[in-house]
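One structure below.
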There are 2 protein chains.
Amino acid sequence: MLGVLGGMGPLAGATFMQRLTLLTPAARDQEHIPAILWSDPRVPDRTAARLAGGEDPLPWLMRGIRGLEAAGCGAVAIPCNTAHGWFDAMQGATRLPILHIVEAAADDLLRLGVGAGRIGLLATKGTLAMRLYQERLEGRGYDCLVPEEAEMDRIVMPAIDRVKANRVAEAYAPLAESAARLMARGARAVVLGCTEIPLGIAAGPALPFPVADTIDALARAAVAWAKPAG
Amino acid sequence: MLGVLGGMGPLAGATFMQRLTLLTPAARDQEHIPAILWSDPRVPDRTAARLAGGEDPLPWLMRGIRGLEAAGCGAVAIPCNTAHGWFDAMQGATRLPILHIVEAAADDLLRLGVGAGRIGLLATKGTLAMRLYQERLEGRGYDCLVPEEAEMDRIVMPAIDRVKANRVAEAYAPLAESAARLMARGARAVVLGCTEIPLGIAAGPALPFPVADTIDALARAAVAWAKPAG
């Protein structure tokens, strides 16, 4: 049974469960992957904790992991990129393997045929400040381009907040614009490195360049965990 | 915290979580409803249990309810209509209130302005055989029209199975056709009384008559439970 620590935000967690289902080869209910979604949106804001001295989310994250352990889960997926800033603390405190969303995104870049080089990265300010992607991807030959700080404040963070406030359609234009700007600076693909971002991007026409959707990428990693090939 | 007994099918449970989120008035993560989705698609087929001597789903349903109790939930929503054939047994065995999906559908008919009279009912053969809707709606002045048995076997049940097999787009045409036939027989609205049916109907153009979507209706009931109006 897969444990899903969601709620960050809740729409991303629910959409992860949908993508997990749709990406699973199954002909009837009983062939799908048993999973428990612990959707607790009360977890304190991860970016605020890292950048503005906000409340520590770790006790809330661990409460969810303990609940998933008690329910009998065999692994944990966390459809929130910024929460992976607490990955080592969480993994050190549970015997359940936690699937790492940045590793899943890296696998997705390979699936898209983007093996190395410049990539664009759209993520929260917390994820960028913690260098969650840069540290794991630069060793693999990727060079991460990120939006300028003024653009983060003026465009990217407000768009993420709109998704969390159920104003999903209004997030499309600013996020599509920021992704296109990264491509114009030489990126070969854009990683949607905050799980609210693919929700906004899905609200409009498909982008005309490769994107690694971290909800989908984590769902693919979870299917591979639950149904190993061969 | 809301408990959601899902997995029947898994796409319906995940979509319920999405609709719960989108129907909640919230401006940020922390204002959304904490919820746990227990998505165990291994629960034996409910229609087969009722009509063909298949394995009893009740022990599996109760296992999920015990898990939701242990996690600290305060109420249970079950986004599967046919599972409500075991409603009395479940409600008798837990202290948590279970929101009844047929009551939620009846509230949704009122919201749509359909107060009494003939309505169409699309549901599984199990739900129809157990008269889950007829018994609760006829006392309120509704008269339920259902597809003929040959149409159930040839069109409705195979369409439901397609959704469970992730072939959602292929379910639209047969379900839209069956709903239209109920309207032609004099229905004023159609209740999509199996949670796979609104998923199929969402895969194509909106139907040109009122429909009570039981995923949405149950999500509205859950929001009302979690956030009672002032």
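Residues in the structure tokens are named by chain (A, B, ... in the order shown) and by number from 1 within that chain; ligands are numbered from 1 in the order shown.
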Could you tell me, as JSON, numbers by chain, which residues of chain A DSSP assigns to strand (DSSP E or B) when given the backbone? {"A": [2, 3, 4, 5, 6, 35, 36, 37, 38, 39, 75, 76, 77, 98, 99, 117, 118, 119, 120, 121, 122, 142, 143, 144, 145, 190, 191, 192, 211, 212, 213]}
Would you write out those residues with C-alpha atoms, as a tab-separated table (two decimals), in the first residue's frame?
```
chain	number	residue	atom	x	y	z
A	2	LEU	CA	1.33	3.41	-1.01
A	3	GLY	CA	1.25	6.28	1.47
A	4	VAL	CA	0.75	9.76	0.05
A	5	LEU	CA	1.56	12.74	2.24
A	6	GLY	CA	-0.57	15.38	0.54
A	35	ALA	CA	-3.08	3.96	-1.46
A	36	ILE	CA	-3.82	6.27	1.42
A	37	LEU	CA	-3.78	10.02	0.90
A	38	TRP	CA	-3.10	11.91	4.12
A	39	SER	CA	-4.30	15.34	3.05
A	75	ALA	CA	6.40	3.62	1.00
A	76	VAL	CA	5.67	7.34	1.00
A	77	ALA	CA	5.25	9.80	-1.87
A	98	ILE	CA	10.28	8.01	0.74
A	99	LEU	CA	10.26	8.48	-3.04
A	117	GLY	CA	22.36	20.89	-20.52
A	118	ARG	CA	20.40	23.97	-19.60
A	119	ILE	CA	16.96	23.47	-18.11
A	120	GLY	CA	14.51	25.96	-16.71
A	121	LEU	CA	13.21	25.59	-13.17
A	122	LEU	CA	9.93	27.03	-11.92
A	142	TYR	CA	22.21	19.92	-15.92
A	143	ASP	CA	22.49	23.67	-15.51
A	144	CYS	CA	19.38	25.17	-13.85
A	145	LEU	CA	18.06	28.53	-15.01
A	190	VAL	CA	11.24	23.44	-18.03
A	191	VAL	CA	10.80	21.56	-14.76
A	192	LEU	CA	7.49	22.46	-13.09
A	211	VAL	CA	7.99	20.25	-19.47
A	212	ALA	CA	8.68	17.87	-16.58
A	213	ASP	CA	5.47	17.83	-14.54
```
Counting only C-alpha atoms, which residues from chain B have an atom at most 10 Å from any atom of chain A, and could you show them as a VMD selection string? chain B and resid 1 to 45 64 66 to 68 70 to 72 161 to 168
List the spatial neighbours of Met157 in chain A as a PyMOL selection string - criterion: any atom at most 12 Å away, only C-alpha atoms, same-chain residues fewer than 2 positions off excluded. chain A and resi 47-48+122-128+147+149-155+159-164+171+174-175+178+194+196-197
Identify which of the residues B:Ala226, B:Leu96, B:Ala189, B:Ala184 lies closest to Gly74 in chain B, counting only C-alpha atoms when measuring atom-to-atom distances. B:Leu96
Among chain A, which residues does DSSP mark as helix (DSSP H, G or I) when it is run on the backbone? Keep the chain and numbering as in the structure and answer as an MDAnalysis selection string. chainID A and resid 10:22 29:31 46:51 58:70 82:93 101:111 125:129 132:140 149:164 169:184 197:201 214:226
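Atom pair CA of Gly200 in chain B / CA of Ala169 in chain B: separated by 6.4 Å.
The nearest approach to Arg136 in chain B among the residues B:Ile101, B:Arg46, B:Glu69, B:Val156, with only C-alpha atoms taken into account, belongs to B:Ile101.
When only C-alpha atoms are used to compute distances to Asp216 in chain B, the closest of the residues B:Leu110, B:Leu51, B:Met130, B:Leu199 turns out to be B:Leu199.
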